Amino acid sequence: MISVILIWIYILITTFIIGYGVLRLITRHFPYQVKNWDAYVLCGIVCVTVYAQFFSLFAGVGLLANGALCAVCAWILWRERKSLKTLFLSYRTDSRILLVVGMFLLFAYGTSRGMIHYDTGLYHAQSIRWIEEYGVVKGLGNLHCRLAYNSSSFALSALYSMAFLGGSSFHCCAGFLAFLLAVICLEIGRSLHRGRLRTSDFARVMCVYYLVNIFDEMISPASDYFMVLIAFYIVIRWLDLLERGEQTVLPYGLLCVLGVFLLTVKLSAALILLLVIYPAYRLLREKKWREIGIYLGLGIVTALPYLIRNVVISGWLVYPFTQIDLFSVIWKIPKGVADYDAREIQVWGRGYTDVTRFEMPVREWLPGWFQGLAGSDRLFVIAAVISVFLLLLYAAGMVFRWWHRRWELLLVQGTVAASFLFWLCTSPLIRYGCVWVYLTFAVVCGGIYETATGCEAGRSDETEPDRSLWRIMIKRAASVLTILLLLYKGLALGREIVGSYENAYWLAQKDYENYETLAYEIEGVTFYYPAEGDQAGYDSFPSSPAKAEISFLGDGLADGFIVKEPGL
């Protein structure tokens, strides 16, 4: 646990300083006062992840990468010392500081122990180790196709793994993001104090639900956790902006850049970019071509190292999707392998392991998939489906002028609903898209609640819209139900912590799980594969689930791999 705390302090300092420096540079050209400290941290996380990916194109992400990062932080700290001092003094008076510290310690405890995700032993740990030691390697996906999945979250984990110290490779970044979201969820207390919830608070409640569910799993560097947590952040902060009536385009534009970053974490989040419609409409209407160019540039820079790494690792721009075929490099993963992998992902999400079932129509696989869900997941999926129909009814009401609603909120609701439907119709494994299940239900219900109580987004918090008895009763009932749910999940978390308590990992974080492996050689270099099953873990490096049929592009591992018979 102490190791997690020390690494988190380092992450917090470096990401905050980098994020502060970048946002200061942006807001000098587009005046805007950043309202939340977490905006600096999330901006910093995006920047250091993009940096780590660029760095990996030339070398392993370890001591040198961290040294350069610290040098940049020191320069920003010196250059902005006066404004940073003023900012830190303002944070010192924050009444929530003790709660934030408490959350920091609680989530550090959870991140120091728990269950290692199955896929971490399969390929997460190996992917991170390749980045730590070699950065990017041509044709790495030919060793094991899942090493070509190339989530940007692995580069972030490698940057902060501290493997270069010669001990363990730590895996703390998912837990750090969970801590940040937990702090953001604390803001629901203000709404409960006012007795007046907003749509963002409904999203916060579902975020709390998710955080409790993954508390004993966030030790794993699984890209699913990064994707879900960042998606929650984007939607919650976007709703916050609407609810306070924010008219400046900048924060919306930066959240869209964060949406681009989310795609580099996991491609299944692609429809989050529907939110771009709002800032694009505003900027085009006002003919702010310079701002449009800057946001486009930020998005390109954010995605560029991810796309380059894709091509180097797999030969495809977006693996495993072969519809975009732009490169003819010799290390390219064969099209048949990539297509099979893409189909396997989809049928696995539908509850099957037989790829031949890929062509099954939805009406055939959907009932079996639904029956395989846990009880609570079934309820949330049903609620999300009902919410989609209610949303269509609201949209029709706006078109035919049955009632008036702000289209900005409808855009958020439509984005999460479209993401839910996309997930449901492609690869609906619950951990892939639970965020869309939860958020569709939350933001649609939140919108209905706001309409029923007269607390529409953009209305001043100091203005009581209506004191009619029925609206007061709805508000109080919603507040009571929210408090009861939060207490229930809090007690559930407490029981889980007590029930799984073990007097271990107080000094160092629980290590990756490792498995018995067998060695074999390719051109004089030792490789490994599992003695049983398909998991190898972190220590047996390099490894793959089975003996690889590959050749070297050059003299060793750093030169890359090619399949022995590219035609197969």
# chains A, B, ... in the order shown; residues from 1 in each chain; ligands from 1
>>> closest_atom_pairs(of="region 405-517 of chain A", to="region 197-203 of chain A", cutoff="12 Å", atoms="only C-alpha atoms", output="Markdown table")
| residue | atom | partner | partner_atom | distance |
| --- | --- | --- | --- | --- |
| A:Leu409 | CA | A:Thr199 | CA | 9.2 |
| A:Leu410 | CA | A:Thr199 | CA | 11.6 |
| A:Val412 | CA | A:Thr199 | CA | 10.7 |
| A:Gln413 | CA | A:Thr199 | CA | 10.2 |
| A:Val416 | CA | A:Ala203 | CA | 11.3 |
| A:Val435 | CA | A:Ala203 | CA | 9.8 |
| A:Trp436 | CA | A:Ala203 | CA | 10.7 |
| A:Val437 | CA | A:Ala203 | CA | 11.2 |
| A:Tyr438 | CA | A:Ala203 | CA | 7.8 |
| A:Leu439 | CA | A:Ala203 | CA | 6.0 |
| A:Thr440 | CA | A:Ala203 | CA | 9.1 |
| A:Phe441 | CA | A:Ala203 | CA | 8.8 |
| A:Ala442 | CA | A:Phe202 | CA | 5.2 |
| A:Val443 | CA | A:Thr199 | CA | 5.7 |
| A:Val444 | CA | A:Thr199 | CA | 8.1 |
| A:Cys445 | CA | A:Thr199 | CA | 7.7 |
| A:Gly446 | CA | A:Thr199 | CA | 4.1 |
| A:Gly447 | CA | A:Thr199 | CA | 6.0 |
| A:Ile448 | CA | A:Thr199 | CA | 8.9 |
| A:Tyr449 | CA | A:Thr199 | CA | 7.8 |
| A:Glu450 | CA | A:Arg198 | CA | 6.7 |
| A:Thr451 | CA | A:Thr199 | CA | 10.4 |
| A:Ala452 | CA | A:Arg198 | CA | 11.6 |
| A:Thr453 | CA | A:Leu197 | CA | 9.6 |
| A:Gly454 | CA | A:Arg198 | CA | 10.6 |
| A:Cys455 | CA | A:Arg198 | CA | 7.3 |
| A:Glu456 | CA | A:Arg198 | CA | 8.2 |
| A:Ala457 | CA | A:Arg198 | CA | 7.8 |
| A:Gly458 | CA | A:Arg198 | CA | 10.5 |
| A:Arg459 | CA | A:Arg198 | CA | 10.7 |
| A:Ser460 | CA | A:Arg198 | CA | 11.8 |
| A:Asp461 | CA | A:Arg198 | CA | 10.1 |
| A:Ile472 | CA | A:Leu197 | CA | 11.6 |
| A:Ile474 | CA | A:Leu197 | CA | 10.4 |
| A:Lys475 | CA | A:Leu197 | CA | 7.3 |
| A:Arg476 | CA | A:Leu197 | CA | 9.4 |
| A:Ala477 | CA | A:Leu197 | CA | 10.7 |
| A:Ala478 | CA | A:Leu197 | CA | 7.6 |
| A:Ser479 | CA | A:Leu197 | CA | 7.0 |
| A:Val480 | CA | A:Leu197 | CA | 10.8 |
| A:Leu481 | CA | A:Phe202 | CA | 11.1 |
| A:Thr482 | CA | A:Phe202 | CA | 8.5 |
| A:Ile483 | CA | A:Leu197 | CA | 11.3 |
| A:Leu485 | CA | A:Phe202 | CA | 11.3 |
| A:Leu486 | CA | A:Phe202 | CA | 11.5 |
>>> write_last_selection(atoms="C-alpha atoms", output="PDB file, in the first residue's frame")
ATOM      1  CA  LEU A 409     -28.966  17.746 -22.886  1.00  0.00           C
ATOM      2  CA  LEU A 410     -30.677  15.674 -25.560  1.00  0.00           C
ATOM      3  CA  VAL A 412     -25.678  13.893 -24.257  1.00  0.00           C
ATOM      4  CA  GLN A 413     -28.581  11.506 -23.791  1.00  0.00           C
ATOM      5  CA  VAL A 416     -24.860   7.521 -24.459  1.00  0.00           C
ATOM      6  CA  VAL A 435     -20.824   2.402 -18.649  1.00  0.00           C
ATOM      7  CA  TRP A 436     -23.319   2.890 -21.499  1.00  0.00           C
ATOM      8  CA  VAL A 437     -25.881   0.667 -19.781  1.00  0.00           C
ATOM      9  CA  TYR A 438     -25.580   2.677 -16.561  1.00  0.00           C
ATOM     10  CA  LEU A 439     -25.373   6.114 -18.158  1.00  0.00           C
ATOM     11  CA  THR A 440     -28.282   5.626 -20.561  1.00  0.00           C
ATOM     12  CA  PHE A 441     -30.541   4.858 -17.633  1.00  0.00           C
ATOM     13  CA  ALA A 442     -29.028   7.630 -15.491  1.00  0.00           C
ATOM     14  CA  VAL A 443     -29.074  10.568 -17.919  1.00  0.00           C
ATOM     15  CA  VAL A 444     -32.541   9.803 -19.312  1.00  0.00           C
ATOM     16  CA  CYS A 445     -34.021   9.422 -15.826  1.00  0.00           C
ATOM     17  CA  GLY A 446     -32.142  12.519 -14.739  1.00  0.00           C
ATOM     18  CA  GLY A 447     -33.635  14.488 -17.614  1.00  0.00           C
ATOM     19  CA  ILE A 448     -37.144  13.282 -16.731  1.00  0.00           C
ATOM     20  CA  TYR A 449     -36.530  14.233 -13.099  1.00  0.00           C
ATOM     21  CA  GLU A 450     -35.370  17.729 -14.078  1.00  0.00           C
ATOM     22  CA  THR A 451     -38.422  18.221 -16.278  1.00  0.00           C
ATOM     23  CA  ALA A 452     -40.761  16.992 -13.552  1.00  0.00           C
ATOM     24  CA  THR A 453     -39.230  19.215 -10.867  1.00  0.00           C
ATOM     25  CA  GLY A 454     -38.475  22.279 -12.980  1.00  0.00           C
ATOM     26  CA  CYS A 455     -34.701  22.030 -12.360  1.00  0.00           C
ATOM     27  CA  GLU A 456     -33.689  22.272 -16.002  1.00  0.00           C
ATOM     28  CA  ALA A 457     -30.017  22.483 -16.898  1.00  0.00           C
ATOM     29  CA  GLY A 458     -28.677  26.001 -16.936  1.00  0.00           C
ATOM     30  CA  ARG A 459     -31.018  27.307 -14.229  1.00  0.00           C
ATOM     31  CA  SER A 460     -29.252  29.032 -11.355  1.00  0.00           C
ATOM     32  CA  ASP A 461     -28.842  26.872  -8.266  1.00  0.00           C
ATOM     33  CA  ILE A 472     -41.129  19.124  -3.540  1.00  0.00           C
ATOM     34  CA  ILE A 474     -40.445  14.271  -5.988  1.00  0.00           C
ATOM     35  CA  LYS A 475     -37.230  16.071  -4.996  1.00  0.00           C
ATOM     36  CA  ARG A 476     -37.281  14.736  -1.463  1.00  0.00           C
ATOM     37  CA  ALA A 477     -38.099  11.202  -2.592  1.00  0.00           C
ATOM     38  CA  ALA A 478     -35.217  11.286  -5.101  1.00  0.00           C
ATOM     39  CA  SER A 479     -32.836  12.590  -2.446  1.00  0.00           C
ATOM     40  CA  VAL A 480     -33.889   9.919   0.050  1.00  0.00           C
ATOM     41  CA  LEU A 481     -33.551   7.132  -2.524  1.00  0.00           C
ATOM     42  CA  THR A 482     -30.120   8.439  -3.532  1.00  0.00           C
ATOM     43  CA  ILE A 483     -28.935   8.536   0.079  1.00  0.00           C
ATOM     44  CA  LEU A 485     -28.533   3.660  -2.398  1.00  0.00           C
ATOM     45  CA  LEU A 486     -25.234   5.323  -1.488  1.00  0.00           C
TER      46      LEU A 486
END
>>> residues_around(residues="Glu133 (chain A)", least_positions_apart="6", cutoff="10 Å", atoms="only C-alpha atoms", output="list in words")
Ser56, Ala59, Gly60, Val61, Gly62, Ala158, Ala163, Phe164 and Ala558 of chain A
>>> closest_residue(among="A:Phe55, A:Trp407, A:Tyr432, A:Tyr319", to="Arg350 (chain A)", atoms="only C-alpha atoms")
A:Tyr432
>>> residues_around(residues="Leu105 (chain A)", least_positions_apart="6", cutoff="10 Å", atoms="only C-alpha atoms", output="short mmCIF file (atom, residue, chain, number, x, y, z; two decimals) with all heavy atoms, in the first residue's frame")
data_model
loop_
_atom_site.label_atom_id
_atom_site.label_comp_id
_atom_site.auth_asym_id
_atom_site.auth_seq_id
_atom_site.Cartn_x
_atom_site.Cartn_y
_atom_site.Cartn_z
N MET A 1 0.83 -1.21 0.00
CA MET A 1 0.00 0.00 0.00
C MET A 1 0.86 1.26 0.00
O MET A 1 0.54 2.23 -0.69
CB MET A 1 -0.93 -0.01 1.21
CG MET A 1 -1.83 1.21 1.31
SD MET A 1 -2.99 1.06 2.68
CE MET A 1 -3.74 2.69 2.66
N ILE A 2 1.96 1.20 0.74
CA ILE A 2 2.85 2.37 0.77
C ILE A 2 3.42 2.63 -0.62
O ILE A 2 3.55 3.78 -1.05
CB ILE A 2 3.96 2.16 1.81
CG1 ILE A 2 3.37 2.16 3.22
CG2 ILE A 2 5.03 3.25 1.69
CD1 ILE A 2 4.36 1.86 4.32
N VAL A 4 1.96 2.05 -3.45
CA VAL A 4 0.89 2.66 -4.22
C VAL A 4 0.77 4.14 -3.87
O VAL A 4 0.65 5.00 -4.76
CB VAL A 4 -0.45 1.94 -3.98
CG1 VAL A 4 -1.60 2.68 -4.67
CG2 VAL A 4 -0.38 0.50 -4.47
N ILE A 5 0.80 4.45 -2.59
CA ILE A 5 0.68 5.85 -2.15
C ILE A 5 1.81 6.69 -2.73
O ILE A 5 1.59 7.80 -3.25
CB ILE A 5 0.69 5.92 -0.61
CG1 ILE A 5 -0.61 5.34 -0.06
CG2 ILE A 5 0.86 7.37 -0.14
CD1 ILE A 5 -0.64 5.21 1.46
N LEU A 99 -12.02 14.61 3.31
CA LEU A 99 -12.70 13.54 2.57
C LEU A 99 -11.85 13.05 1.40
O LEU A 99 -11.78 11.85 1.13
CB LEU A 99 -14.04 14.05 2.05
CG LEU A 99 -15.19 14.13 3.05
CD1 LEU A 99 -16.41 14.80 2.41
CD2 LEU A 99 -15.56 12.75 3.58
N THR A 111 -6.21 -0.66 -4.31
CA THR A 111 -5.30 -0.87 -5.44
C THR A 111 -4.09 -1.70 -5.05
O THR A 111 -3.39 -2.23 -5.93
CB THR A 111 -4.85 0.49 -6.01
OG1 THR A 111 -6.01 1.28 -6.28
CG2 THR A 111 -4.04 0.34 -7.28
N PHE A 179 -9.84 6.59 -7.99
CA PHE A 179 -9.79 7.58 -6.90
C PHE A 179 -10.29 8.94 -7.38
O PHE A 179 -11.09 9.60 -6.70
CB PHE A 179 -8.36 7.68 -6.36
CG PHE A 179 -8.04 9.00 -5.73
CD1 PHE A 179 -8.62 9.39 -4.54
CD2 PHE A 179 -7.14 9.87 -6.36
CE1 PHE A 179 -8.34 10.63 -3.98
CE2 PHE A 179 -6.84 11.10 -5.80
CZ PHE A 179 -7.44 11.48 -4.61
#
>>> atom_distance(atom1="CA of Phe527 (chain A)", atom2="CA of Ser540 (chain A)")
8.1 Å
>>> residues_around(residues="Gly102 (chain A)", least_positions_apart="4", cutoff="12 Å", atoms="only C-alpha atoms", output="PDB file with N, CA, C and O atoms, in the first residue's frame")
ATOM      1  N   ARG A  96     -13.497  20.038   1.731  1.00  0.00           N
ATOM      2  CA  ARG A  96     -13.563  18.601   1.461  1.00  0.00           C
ATOM      3  C   ARG A  96     -12.208  17.920   1.556  1.00  0.00           C
ATOM      4  O   ARG A  96     -12.109  16.722   1.269  1.00  0.00           O
ATOM      5  N   ILE A  97     -11.176  18.645   1.944  1.00  0.00           N
ATOM      6  CA  ILE A  97      -9.828  18.085   1.842  1.00  0.00           C
ATOM      7  C   ILE A  97      -9.660  16.815   2.660  1.00  0.00           C
ATOM      8  O   ILE A  97      -8.978  15.873   2.237  1.00  0.00           O
ATOM      9  N   LEU A  98     -10.300  16.739   3.826  1.00  0.00           N
ATOM     10  CA  LEU A  98     -10.185  15.529   4.643  1.00  0.00           C
ATOM     11  C   LEU A  98     -10.873  14.341   3.957  1.00  0.00           C
ATOM     12  O   LEU A  98     -10.383  13.205   4.015  1.00  0.00           O
ATOM     13  N   LEU A 106      -8.280   5.099   1.051  1.00  0.00           N
ATOM     14  CA  LEU A 106      -9.173   3.962   0.823  1.00  0.00           C
ATOM     15  C   LEU A 106      -8.877   3.299  -0.520  1.00  0.00           C
ATOM     16  O   LEU A 106      -8.741   2.068  -0.604  1.00  0.00           O
ATOM     17  N   PHE A 107      -8.748   4.102  -1.577  1.00  0.00           N
ATOM     18  CA  PHE A 107      -8.530   3.519  -2.898  1.00  0.00           C
ATOM     19  C   PHE A 107      -7.095   3.041  -3.077  1.00  0.00           C
ATOM     20  O   PHE A 107      -6.841   2.124  -3.864  1.00  0.00           O
ATOM     21  N   ALA A 108      -6.158   3.636  -2.345  1.00  0.00           N
ATOM     22  CA  ALA A 108      -4.796   3.095  -2.357  1.00  0.00           C
ATOM     23  C   ALA A 108      -4.783   1.700  -1.723  1.00  0.00           C
ATOM     24  O   ALA A 108      -4.079   0.798  -2.188  1.00  0.00           O
ATOM     25  N   TYR A 109      -5.569   1.537  -0.675  1.00  0.00           N
ATOM     26  CA  TYR A 109      -5.705   0.217  -0.050  1.00  0.00           C
ATOM     27  C   TYR A 109      -6.271  -0.787  -1.055  1.00  0.00           C
ATOM     28  O   TYR A 109      -5.744  -1.900  -1.213  1.00  0.00           O
ATOM     29  N   PHE A 179      -9.844   6.594  -7.991  1.00  0.00           N
ATOM     30  CA  PHE A 179      -9.793   7.578  -6.903  1.00  0.00           C
ATOM     31  C   PHE A 179     -10.293   8.936  -7.381  1.00  0.00           C
ATOM     32  O   PHE A 179     -11.093   9.599  -6.701  1.00  0.00           O
ATOM     33  N   ALA A 182     -13.979   8.884  -7.681  1.00  0.00           N
ATOM     34  CA  ALA A 182     -14.603   8.862  -6.361  1.00  0.00           C
ATOM     35  C   ALA A 182     -14.683  10.268  -5.776  1.00  0.00           C
ATOM     36  O   ALA A 182     -15.692  10.656  -5.179  1.00  0.00           O
ATOM     37  N   VAL A 183     -13.634  11.054  -5.962  1.00  0.00           N
ATOM     38  CA  VAL A 183     -13.630  12.440  -5.471  1.00  0.00           C
ATOM     39  C   VAL A 183     -14.689  13.261  -6.202  1.00  0.00           C
ATOM     40  O   VAL A 183     -15.406  14.068  -5.594  1.00  0.00           O
ATOM     41  N   LEU A 186     -18.065  12.734  -4.855  1.00  0.00           N
ATOM     42  CA  LEU A 186     -18.349  13.389  -3.576  1.00  0.00           C
ATOM     43  C   LEU A 186     -19.172  14.663  -3.758  1.00  0.00           C
ATOM     44  O   LEU A 186     -19.868  15.101  -2.831  1.00  0.00           O
TER      45      LEU A 186
END
>>> residues_around(residues="Tyr529 (chain A)", least_positions_apart="3", cutoff="10 Å", atoms="only C-alpha atoms", output="mmCIF file with all heavy atoms, in the first residue's frame")
data_model
loop_
_atom_site.group_PDB
_atom_site.id
_atom_site.type_symbol
_atom_site.label_atom_id
_atom_site.label_comp_id
_atom_site.auth_asym_id
_atom_site.auth_seq_id
_atom_site.Cartn_x
_atom_site.Cartn_y
_atom_site.Cartn_z
ATOM 1 N N TYR A 515 2.642 -17.735 -14.040
ATOM 2 C CA TYR A 515 2.209 -19.107 -14.262
ATOM 3 C C TYR A 515 3.379 -19.953 -14.761
ATOM 4 O O TYR A 515 4.367 -19.424 -15.286
ATOM 5 C CB TYR A 515 1.065 -19.137 -15.283
ATOM 6 C CG TYR A 515 -0.109 -18.281 -14.871
ATOM 7 C CD1 TYR A 515 -0.139 -16.922 -15.169
ATOM 8 C CD2 TYR A 515 -1.161 -18.819 -14.148
ATOM 9 C CE1 TYR A 515 -1.203 -16.122 -14.780
ATOM 10 C CE2 TYR A 515 -2.237 -18.033 -13.756
ATOM 11 C CZ TYR A 515 -2.249 -16.684 -14.068
ATOM 12 O OH TYR A 515 -3.297 -15.896 -13.665
ATOM 13 N N GLU A 516 3.249 -21.246 -14.589
ATOM 14 C CA GLU A 516 4.293 -22.153 -15.057
ATOM 15 C C GLU A 516 4.350 -22.125 -16.585
ATOM 16 O O GLU A 516 3.330 -22.225 -17.261
ATOM 17 C CB GLU A 516 4.014 -23.577 -14.579
ATOM 18 C CG GLU A 516 5.091 -24.570 -14.988
ATOM 19 C CD GLU A 516 4.771 -25.996 -14.578
ATOM 20 O OE1 GLU A 516 3.741 -26.203 -13.904
ATOM 21 O OE2 GLU A 516 5.544 -26.908 -14.955
ATOM 22 N N THR A 517 5.548 -21.969 -17.101
ATOM 23 C CA THR A 517 5.714 -21.887 -18.559
ATOM 24 C C THR A 517 6.787 -22.861 -19.035
ATOM 25 O O THR A 517 7.621 -23.324 -18.249
ATOM 26 C CB THR A 517 6.099 -20.460 -18.992
ATOM 27 O OG1 THR A 517 7.282 -20.061 -18.296
ATOM 28 C CG2 THR A 517 4.981 -19.476 -18.712
ATOM 29 N N LEU A 518 6.747 -23.149 -20.318
ATOM 30 C CA LEU A 518 7.750 -23.987 -20.975
ATOM 31 C C LEU A 518 8.538 -23.122 -21.955
ATOM 32 O O LEU A 518 7.982 -22.195 -22.570
ATOM 33 C CB LEU A 518 7.078 -25.141 -21.715
ATOM 34 C CG LEU A 518 6.201 -26.065 -20.864
ATOM 35 C CD1 LEU A 518 5.497 -27.083 -21.750
ATOM 36 C CD2 LEU A 518 7.012 -26.744 -19.778
ATOM 37 N N ALA A 519 9.807 -23.413 -22.088
ATOM 38 C CA ALA A 519 10.683 -22.611 -22.945
ATOM 39 C C ALA A 519 10.901 -23.290 -24.295
ATOM 40 O O ALA A 519 10.881 -24.513 -24.408
ATOM 41 C CB ALA A 519 12.023 -22.385 -22.248
ATOM 42 N N TYR A 520 11.093 -22.476 -25.309
ATOM 43 C CA TYR A 520 11.490 -22.961 -26.625
ATOM 44 C C TYR A 520 12.300 -21.853 -27.295
ATOM 45 O O TYR A 520 12.321 -20.714 -26.815
ATOM 46 C CB TYR A 520 10.285 -23.359 -27.470
ATOM 47 C CG TYR A 520 9.385 -22.225 -27.869
ATOM 48 C CD1 TYR A 520 9.407 -21.690 -29.164
ATOM 49 C CD2 TYR A 520 8.476 -21.674 -26.958
ATOM 50 C CE1 TYR A 520 8.589 -20.651 -29.532
ATOM 51 C CE2 TYR A 520 7.639 -20.626 -27.316
ATOM 52 C CZ TYR A 520 7.701 -20.116 -28.606
ATOM 53 O OH TYR A 520 6.882 -19.083 -28.971
ATOM 54 N N GLU A 532 0.015 -24.955 -18.999
ATOM 55 C CA GLU A 532 -1.418 -25.240 -19.050
ATOM 56 C C GLU A 532 -2.157 -23.940 -19.340
ATOM 57 O O GLU A 532 -1.737 -22.868 -18.910
ATOM 58 C CB GLU A 532 -1.925 -25.830 -17.729
ATOM 59 C CG GLU A 532 -1.379 -27.206 -17.399
ATOM 60 C CD GLU A 532 -1.979 -27.765 -16.125
ATOM 61 O OE1 GLU A 532 -2.905 -27.126 -15.587
ATOM 62 O OE2 GLU A 532 -1.506 -28.818 -15.667
ATOM 63 N N GLY A 533 -3.264 -24.044 -20.034
ATOM 64 C CA GLY A 533 -4.062 -22.861 -20.307
ATOM 65 C C GLY A 533 -3.373 -21.915 -21.277
ATOM 66 O O GLY A 533 -2.547 -22.319 -22.106
ATOM 67 N N ASP A 534 -3.700 -20.615 -21.160
ATOM 68 C CA ASP A 534 -3.140 -19.636 -22.091
ATOM 69 C C ASP A 534 -2.553 -18.409 -21.399
ATOM 70 O O ASP A 534 -2.217 -17.430 -22.055
ATOM 71 C CB ASP A 534 -4.211 -19.191 -23.101
ATOM 72 C CG ASP A 534 -5.480 -18.669 -22.434
ATOM 73 O OD1 ASP A 534 -5.494 -18.551 -21.192
ATOM 74 O OD2 ASP A 534 -6.455 -18.385 -23.145
ATOM 75 N N GLN A 535 -2.417 -18.442 -20.069
ATOM 76 C CA GLN A 535 -1.866 -17.297 -19.337
ATOM 77 C C GLN A 535 -0.400 -17.543 -18.993
ATOM 78 O O GLN A 535 -0.037 -18.617 -18.522
ATOM 79 C CB GLN A 535 -2.633 -17.060 -18.039
ATOM 80 C CG GLN A 535 -4.085 -16.629 -18.235
ATOM 81 C CD GLN A 535 -4.827 -16.624 -16.924
ATOM 82 O OE1 GLN A 535 -5.125 -17.680 -16.357
ATOM 83 N NE2 GLN A 535 -5.129 -15.442 -16.415
ATOM 84 N N ALA A 536 0.412 -16.523 -19.191
ATOM 85 C CA ALA A 536 1.833 -16.623 -18.860
ATOM 86 C C ALA A 536 2.233 -15.642 -17.762
ATOM 87 O O ALA A 536 3.188 -15.872 -17.028
ATOM 88 C CB ALA A 536 2.678 -16.370 -20.099
ATOM 89 N N SER A 540 7.660 -14.432 -17.298
ATOM 90 C CA SER A 540 8.123 -15.230 -18.444
ATOM 91 C C SER A 540 8.013 -14.368 -19.701
ATOM 92 O O SER A 540 6.940 -14.239 -20.291
ATOM 93 C CB SER A 540 7.288 -16.501 -18.586
ATOM 94 O OG SER A 540 7.453 -17.335 -17.460
ATOM 95 N N PHE A 541 9.133 -13.817 -20.092
ATOM 96 C CA PHE A 541 9.132 -12.834 -21.183
ATOM 97 C C PHE A 541 10.250 -13.142 -22.172
ATOM 98 O O PHE A 541 11.381 -13.429 -21.750
ATOM 99 C CB PHE A 541 9.326 -11.433 -20.595
ATOM 100 C CG PHE A 541 9.364 -10.349 -21.627
ATOM 101 C CD1 PHE A 541 8.189 -9.809 -22.126
ATOM 102 C CD2 PHE A 541 10.581 -9.853 -22.093
ATOM 103 C CE1 PHE A 541 8.229 -8.798 -23.081
ATOM 104 C CE2 PHE A 541 10.626 -8.844 -23.044
ATOM 105 C CZ PHE A 541 9.441 -8.311 -23.536
ATOM 106 N N PRO A 542 9.926 -13.112 -23.463
ATOM 107 C CA PRO A 542 8.612 -12.903 -24.089
ATOM 108 C C PRO A 542 7.814 -14.194 -24.142
ATOM 109 O O PRO A 542 8.377 -15.277 -24.250
ATOM 110 C CB PRO A 542 8.987 -12.419 -25.486
ATOM 111 C CG PRO A 542 10.292 -13.098 -25.770
ATOM 112 C CD PRO A 542 11.020 -13.170 -24.454
ATOM 113 N N SER A 543 6.511 -14.061 -24.081
ATOM 114 C CA SER A 543 5.670 -15.255 -24.094
ATOM 115 C C SER A 543 4.439 -15.033 -24.954
ATOM 116 O O SER A 543 4.098 -13.898 -25.306
ATOM 117 C CB SER A 543 5.250 -15.631 -22.671
ATOM 118 O OG SER A 543 4.354 -14.669 -22.146
ATOM 119 N N SER A 544 3.774 -16.122 -25.263
ATOM 120 C CA SER A 544 2.512 -16.119 -25.997
ATOM 121 C C SER A 544 1.739 -17.355 -25.553
ATOM 122 O O SER A 544 2.309 -18.260 -24.946
ATOM 123 C CB SER A 544 2.766 -16.137 -27.507
ATOM 124 O OG SER A 544 3.547 -17.254 -27.874
ATOM 125 N N PRO A 545 0.439 -17.440 -25.812
ATOM 126 C CA PRO A 545 -0.351 -18.584 -25.341
ATOM 127 C C PRO A 545 0.085 -19.934 -25.910
ATOM 128 O O PRO A 545 -0.172 -20.978 -25.316
ATOM 129 C CB PRO A 545 -1.777 -18.237 -25.798
ATOM 130 C CG PRO A 545 -1.787 -16.761 -25.914
ATOM 131 C CD PRO A 545 -0.414 -16.396 -26.403
ATOM 132 N N ALA A 546 0.749 -19.913 -27.062
ATOM 133 C CA ALA A 546 1.233 -21.158 -27.677
ATOM 134 C C ALA A 546 2.527 -20.855 -28.422
ATOM 135 O O ALA A 546 2.925 -19.698 -28.560
ATOM 136 C CB ALA A 546 0.180 -21.716 -28.627
ATOM 137 N N LYS A 547 3.187 -21.888 -28.887
ATOM 138 C CA LYS A 547 4.415 -21.674 -29.652
ATOM 139 C C LYS A 547 4.119 -20.828 -30.887
ATOM 140 O O LYS A 547 3.192 -21.109 -31.644
ATOM 141 C CB LYS A 547 5.014 -23.017 -30.083
ATOM 142 C CG LYS A 547 5.668 -23.797 -28.950
ATOM 143 C CD LYS A 547 6.344 -25.055 -29.501
ATOM 144 C CE LYS A 547 7.069 -25.823 -28.407
ATOM 145 N NZ LYS A 547 7.740 -27.029 -28.933
ATOM 146 N N ALA A 548 4.902 -19.783 -31.043
ATOM 147 C CA ALA A 548 4.679 -18.861 -32.157
ATOM 148 C C ALA A 548 5.406 -19.332 -33.409
ATOM 149 O O ALA A 548 6.559 -19.773 -33.343
ATOM 150 C CB ALA A 548 5.154 -17.463 -31.768
#
>>> residues_around(residues="Tyr538 (chain A)", least_positions_apart="5", cutoff="12 Å", atoms="only C-alpha atoms", output="ChimeraX atom specification")
/A:116,119-130,132,163,168-171,511-517,528-530,543-544
>>> select_by_dssp(residues="region 482-550 of chain A", states="strand (DSSP E)", output="PyMOL selection string")
chain A and resi 517-522+525-530+550
>>> residues_around(residues="region 355-367 of chain A", least_positions_apart="6", cutoff="8 Å", atoms="only C-alpha atoms", output="list in words")
Tyr340, Arg343, Glu344, Gln346, Val347 and Cys425 of chain A
>>> write_last_selection(atoms="N, CA and C atoms", output="short mmCIF file (atom, residue, chain, number, x, y, z; two decimals), in the first residue's frame")
data_model
loop_
_atom_site.label_atom_id
_atom_site.label_comp_id
_atom_site.auth_asym_id
_atom_site.auth_seq_id
_atom_site.Cartn_x
_atom_site.Cartn_y
_atom_site.Cartn_z
N TYR A 340 -10.45 -13.00 -38.25
CA TYR A 340 -10.84 -14.02 -37.27
C TYR A 340 -10.85 -13.43 -35.87
N ARG A 343 -13.87 -11.19 -35.29
CA ARG A 343 -15.09 -11.98 -35.10
C ARG A 343 -15.10 -12.67 -33.75
N GLU A 344 -13.94 -13.13 -33.32
CA GLU A 344 -13.85 -13.79 -32.02
C GLU A 344 -14.23 -12.83 -30.90
N GLN A 346 -16.32 -10.37 -31.07
CA GLN A 346 -17.76 -10.14 -31.08
C GLN A 346 -18.54 -11.34 -30.55
N VAL A 347 -18.18 -12.55 -31.00
CA VAL A 347 -18.94 -13.72 -30.53
C VAL A 347 -18.68 -13.97 -29.05
N CYS A 425 -25.39 -4.29 -30.06
CA CYS A 425 -25.50 -4.97 -31.35
C CYS A 425 -24.18 -5.52 -31.87
#
